[in-house]
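S.K.: Just dropping this structure here.
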Amino acid sequence: MTAQSLPASCLPAPRWLLMSALGGVAWNLFGAFQFVGAVTATPESLVASGLTPEQAAVMTGYPVWMTLAFAIGIAGGLVGSVLLYLRRPLSKAALAASLVAYVVLWIGDAIHGVFAAMGAPQVVILTTVVAIAATLLALSYHNAARA
């Protein structure tokens, strides 16, 4: 059997795909660190770090569903990135869940007043998070097409 006749899943993954998957793992580990900081923050700690009392109140007043969306976004992204690295088809489902959760969080930030309180940098950050989640999902479909 020649390399051309082997199924794509038996061939080595392209380096860019592996590096993208590892980047996704690193990105989501950073997100996990941010999540822990967000759920353990107090208004006092946020004011001490430079936020106004109003901003701190918004950041610590997330409804449970927004915290859950944040957690699902990170968990789905982390698991999905590992599965993408391993070239497993289940990466699509995990990364899709991550993207949906981040879109829900983006909507929540708009509705809950986080964007208004924190300004354009928060919009840019969360929009970037959604774009990265969408890119990882697209890569999982590209990987599936090769398998």
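Letters for chains follow the order of the structure tokens (A, B, ...), residue numbers begin at 1 for each chain, and ligand numbers begin at 1 in the order shown.
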As a ChimeraX atom specification, please: all residues of chain A that backbone DSSP puts in helix (DSSP H, G or I).
M.R.: /A:3-5,8-10,15-40,43-48,53-60,64-85,91-112,114-118,120-146
S.K.: Just the residues within 10 Å of Ala134 of chain A, please, counting only C-alpha atoms, with nothing from its chain fewer than 2 positions along; format it as a list in words.
M.R.: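 Listing them by chain and then by number gives Leu95, Ala96, Ser98, Leu99, Val100, Tyr102, Val103, Thr128, Val129, Val130, Ala131, Ile132, Leu136, Leu137, Ala138, Leu139 and Ser140 of chain A.
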S.K.: Using N, CA and C atoms, can you export the residues from the last selection as a JSON list (two decimals), in the first residue's frame?
M.R.:
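Saved to out-v3.json:
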[["chain", "number", "residue", "atom", "x", "y", "z"],
["A", 95, "LEU", "N", -16.05, 21.43, 20.06],
["A", 95, "LEU", "CA", -15.75, 22.79, 19.62],
["A", 95, "LEU", "C", -17.01, 23.55, 19.22],
["A", 96, "ALA", "N", -18.01, 22.84, 18.73],
["A", 96, "ALA", "CA", -19.30, 23.49, 18.44],
["A", 96, "ALA", "C", -19.96, 23.96, 19.73],
["A", 98, "SER", "N", -18.44, 24.75, 22.45],
["A", 98, "SER", "CA", -17.65, 25.89, 22.90],
["A", 98, "SER", "C", -18.07, 27.16, 22.18],
["A", 99, "LEU", "N", -18.20, 27.09, 20.87],
["A", 99, "LEU", "CA", -18.59, 28.27, 20.09],
["A", 99, "LEU", "C", -19.98, 28.77, 20.49],
["A", 100, "VAL", "N", -20.92, 27.86, 20.61],
["A", 100, "VAL", "CA", -22.28, 28.26, 21.01],
["A", 100, "VAL", "C", -22.24, 28.92, 22.39],
["A", 102, "TYR", "N", -19.77, 30.51, 23.84],
["A", 102, "TYR", "CA", -19.15, 31.83, 23.76],
["A", 102, "TYR", "C", -20.06, 32.85, 23.09],
["A", 103, "VAL", "N", -20.86, 32.43, 22.13],
["A", 103, "VAL", "CA", -21.83, 33.35, 21.52],
["A", 103, "VAL", "C", -22.87, 33.73, 22.57],
["A", 128, "THR", "N", -12.91, 38.42, 19.94],
["A", 128, "THR", "CA", -11.74, 37.62, 19.59],
["A", 128, "THR", "C", -11.91, 36.18, 20.08],
["A", 129, "VAL", "N", -12.43, 36.02, 21.27],
["A", 129, "VAL", "CA", -12.68, 34.68, 21.82],
["A", 129, "VAL", "C", -13.65, 33.92, 20.91],
["A", 130, "VAL", "N", -14.72, 34.58, 20.49],
["A", 130, "VAL", "CA", -15.70, 33.94, 19.60],
["A", 130, "VAL", "C", -15.04, 33.58, 18.26],
["A", 131, "ALA", "N", -14.21, 34.48, 17.73],
["A", 131, "ALA", "CA", -13.53, 34.22, 16.46],
["A", 131, "ALA", "C", -12.57, 33.04, 16.57],
["A", 132, "ILE", "N", -11.85, 32.94, 17.68],
["A", 132, "ILE", "CA", -10.93, 31.81, 17.87],
["A", 132, "ILE", "C", -11.72, 30.50, 17.99],
["A", 136, "LEU", "N", -11.30, 27.32, 15.48],
["A", 136, "LEU", "CA", -11.02, 25.95, 15.92],
["A", 136, "LEU", "C", -12.09, 24.99, 15.41],
["A", 137, "LEU", "N", -13.34, 25.42, 15.43],
["A", 137, "LEU", "CA", -14.40, 24.56, 14.90],
["A", 137, "LEU", "C", -14.20, 24.33, 13.40],
["A", 138, "ALA", "N", -13.86, 25.37, 12.67],
["A", 138, "ALA", "CA", -13.61, 25.22, 11.23],
["A", 138, "ALA", "C", -12.46, 24.25, 10.98],
["A", 139, "LEU", "N", -11.42, 24.33, 11.80],
["A", 139, "LEU", "CA", -10.29, 23.41, 11.66],
["A", 139, "LEU", "C", -10.73, 21.97, 11.92],
["A", 140, "SER", "N", -11.66, 21.78, 12.85],
["A", 140, "SER", "CA", -12.11, 20.41, 13.12],
["A", 140, "SER", "C", -12.86, 19.85, 11.91]]
S.K.: From the options A:Asn28, A:Ser91, A:Gln34, A:Ser49, which residue's atoms come nearest to Thr67 of chain A, counting only C-alpha atoms?
M.R.: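 For Thr67 of chain A, the nearest of the given residues is A:Gln34.
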S.K.: Using atom CA of Gly73 of chain A and atom CA of Pro12 of chain A as the two end points, give the distance in Å to one decimal.
M.R.: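 Computing the Euclidean distance for atom CA of Gly73 of chain A and atom CA of Pro12 of chain A yields 28.6 Å.
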S.K.: Using only C-alpha atoms, which of the listed residues (A:Thr40, A:Ala133, A:Met59, A:Val47) sits closest to Ala116 of chain A?
M.R.: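 Closest to Ala116 of chain A of all the choices is A:Met59.
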S.K.: Between A:Thr42, A:Thr135, A:Thr60, A:Gln122, which is the closest to Ala110 of chain A once you count only C-alpha atoms?
M.R.: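 Among the listed residues, A:Gln122 lies closest to Ala110 of chain A.
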S.K.: Skipping near chain neighbours, those fewer than 3 positions away, what residues fall within 12 Å of Ile107 of chain A using only C-alpha atoms, listed as a PyMOL selection string?
M.R.: chain A and resi 65-66+69-70+100-104+110-115+123+126-127+130
